[in-house]
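Asker: Sharing a structure here in structure tokens format.
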Amino acid sequence: MYMQFVILSFLSIIAYIAGFVLILRVSPRLLGVPFDEPKFMGLAILDILGAILMFCAVVVTFAIFNGAFPVRVLDFVFLAGIFFIAARITLHSFQPPAHLLRNSHRISRIASAAYGIFLLVASIVYIVQLFTAK
């Protein structure tokens, strides 16, 4: 039974890393694609999948170990990583680099920035719930 907890913990850490890499690689590509193209939807789906993988790692580790304090600290680190990734996405969407600015579309930048803001809010809310839940 304890071996299952170890395996699930490692799988959740791998899922977190996969989501982290997925968001870092896919989010900048959203800026150069018009909002109404199918490619934008495919990239947005990959971006959302990355966020789901990252948040699932937090939920799985919290649930497996019943919210023990060391796991709460680990989940806080995970959520801080989500916060910094979301802040990077948002800032990059509001002010893309000069080489992306001429190829970017305004509505794509707005959608990507809104996604980053929602991730920021979700990570902040979950951090607050992490340490106030009993």
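Ordered as shown in the structure tokens, chains take letters A, B, and onward, while each chain numbers its residues from 1 and ligands are numbered from 1 in the order shown.
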Please provide as a list in words all residues within 8 Å of region 46-52 of chain A, with the sequence filter that same-chain residues fewer than 3 positions apart are discarded (counting only C-alpha atoms).
Answerer: Ala18, Gly19, Phe20, Val21, Leu22, Ile23, Val26, Ser27, Gly42, Leu43, Phe55, Cys56 and Leu119 of chain A
Asker: Since we have the selection now, will you write its residues out, keeping all heavy atoms, as a tab-separated table (two decimals), in the first residue's frame?
Answerer:
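Saved the output as again35.tsv:
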chain	number	residue	atom	x	y	z
A	18	ALA	N	5.81	17.89	-16.59
A	18	ALA	CA	5.28	17.87	-17.96
A	18	ALA	C	4.36	19.06	-18.21
A	18	ALA	O	4.44	19.70	-19.27
A	18	ALA	CB	4.53	16.56	-18.20
A	19	GLY	N	3.51	19.39	-17.26
A	19	GLY	CA	2.64	20.56	-17.40
A	19	GLY	C	3.44	21.85	-17.45
A	19	GLY	O	3.13	22.77	-18.21
A	20	PHE	N	4.48	21.93	-16.64
A	20	PHE	CA	5.36	23.09	-16.60
A	20	PHE	C	6.01	23.32	-17.96
A	20	PHE	O	5.96	24.43	-18.51
A	20	PHE	CB	6.43	22.83	-15.52
A	20	PHE	CG	7.23	24.02	-15.12
A	20	PHE	CD1	6.78	24.85	-14.12
A	20	PHE	CD2	8.44	24.30	-15.72
A	20	PHE	CE1	7.52	25.94	-13.72
A	20	PHE	CE2	9.19	25.38	-15.34
A	20	PHE	CZ	8.73	26.21	-14.33
A	21	VAL	N	6.56	22.26	-18.52
A	21	VAL	CA	7.22	22.36	-19.83
A	21	VAL	C	6.21	22.67	-20.92
A	21	VAL	O	6.46	23.48	-21.82
A	21	VAL	CB	8.00	21.06	-20.13
A	21	VAL	CG1	8.48	21.02	-21.57
A	21	VAL	CG2	9.16	20.91	-19.17
A	22	LEU	N	5.05	22.05	-20.83
A	22	LEU	CA	4.00	22.27	-21.84
A	22	LEU	C	3.56	23.73	-21.86
A	22	LEU	O	3.46	24.34	-22.94
A	22	LEU	CB	2.81	21.36	-21.54
A	22	LEU	CG	1.85	21.04	-22.65
A	22	LEU	CD1	2.57	20.39	-23.82
A	22	LEU	CD2	0.78	20.11	-22.13
A	23	ILE	N	3.35	24.30	-20.70
A	23	ILE	CA	2.92	25.70	-20.65
A	23	ILE	C	4.04	26.63	-21.14
A	23	ILE	O	3.78	27.59	-21.88
A	23	ILE	CB	2.47	26.07	-19.23
A	23	ILE	CG1	1.10	25.43	-18.94
A	23	ILE	CG2	2.36	27.58	-19.06
A	23	ILE	CD1	0.58	25.69	-17.56
A	26	VAL	N	4.18	26.18	-25.10
A	26	VAL	CA	2.99	26.44	-25.92
A	26	VAL	C	2.51	27.88	-25.81
A	26	VAL	O	2.07	28.47	-26.80
A	26	VAL	CB	1.86	25.45	-25.55
A	26	VAL	CG1	0.56	25.81	-26.22
A	26	VAL	CG2	2.28	24.04	-25.93
A	27	SER	N	2.58	28.47	-24.63
A	27	SER	CA	2.00	29.81	-24.42
A	27	SER	C	2.57	30.88	-25.34
A	27	SER	O	1.79	31.69	-25.87
A	27	SER	CB	2.17	30.22	-22.97
A	27	SER	OG	1.39	29.40	-22.14
A	42	GLY	N	-6.03	24.34	-30.86
A	42	GLY	CA	-5.17	23.23	-30.49
A	42	GLY	C	-4.11	23.64	-29.48
A	42	GLY	O	-3.86	22.93	-28.50
A	43	LEU	N	-3.51	24.82	-29.70
A	43	LEU	CA	-2.51	25.31	-28.74
A	43	LEU	C	-3.15	25.65	-27.40
A	43	LEU	O	-2.56	25.40	-26.34
A	43	LEU	CB	-1.79	26.52	-29.32
A	43	LEU	CG	-0.88	26.25	-30.51
A	43	LEU	CD1	-0.35	27.56	-31.10
A	43	LEU	CD2	0.27	25.35	-30.11
A	55	PHE	N	-1.98	21.38	-11.67
A	55	PHE	CA	-2.88	21.41	-10.52
A	55	PHE	C	-3.20	20.00	-10.02
A	55	PHE	O	-3.43	19.81	-8.82
A	55	PHE	CB	-4.17	22.17	-10.84
A	55	PHE	CG	-4.03	23.65	-10.69
A	55	PHE	CD1	-3.97	24.47	-11.81
A	55	PHE	CD2	-3.95	24.23	-9.45
A	55	PHE	CE1	-3.83	25.83	-11.68
A	55	PHE	CE2	-3.81	25.60	-9.30
A	55	PHE	CZ	-3.75	26.40	-10.42
A	56	CYS	N	-3.23	19.03	-10.90
A	56	CYS	CA	-3.46	17.64	-10.47
A	56	CYS	C	-2.33	17.15	-9.57
A	56	CYS	O	-2.57	16.39	-8.63
A	56	CYS	CB	-3.61	16.71	-11.66
A	56	CYS	SG	-5.21	16.79	-12.42
A	119	LEU	N	-5.01	31.80	-14.16
A	119	LEU	CA	-4.07	30.91	-13.47
A	119	LEU	C	-3.49	31.57	-12.22
A	119	LEU	O	-3.32	30.91	-11.19
A	119	LEU	CB	-2.93	30.50	-14.40
A	119	LEU	CG	-3.17	29.34	-15.34
A	119	LEU	CD1	-1.92	29.07	-16.16
A	119	LEU	CD2	-3.57	28.10	-14.60
Asker: What lies within 12 Å of Val71 (chain A) using only C-alpha atoms, ignoring chain neighbours under 2 positions off, as a ChimeraX atom specification?
Answerer: /A:9,57-69,73-78,130-131
Asker: Rank A:Leu11, A:Ala86, A:Leu24, A:Leu91 by their smallest atom-to-atom distance to Leu120 (chain A), using only C-alpha atoms, and report the top residue only.
Answerer: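 Distance minimum relative to Leu120 (chain A) lands on A:Ala86.
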Asker: For Ser112 (chain A), which residue among A:Ala15, A:Ile124, A:Gly81, A:Phe40 is the nearest when counting only C-alpha atoms?
Answerer: A:Phe40
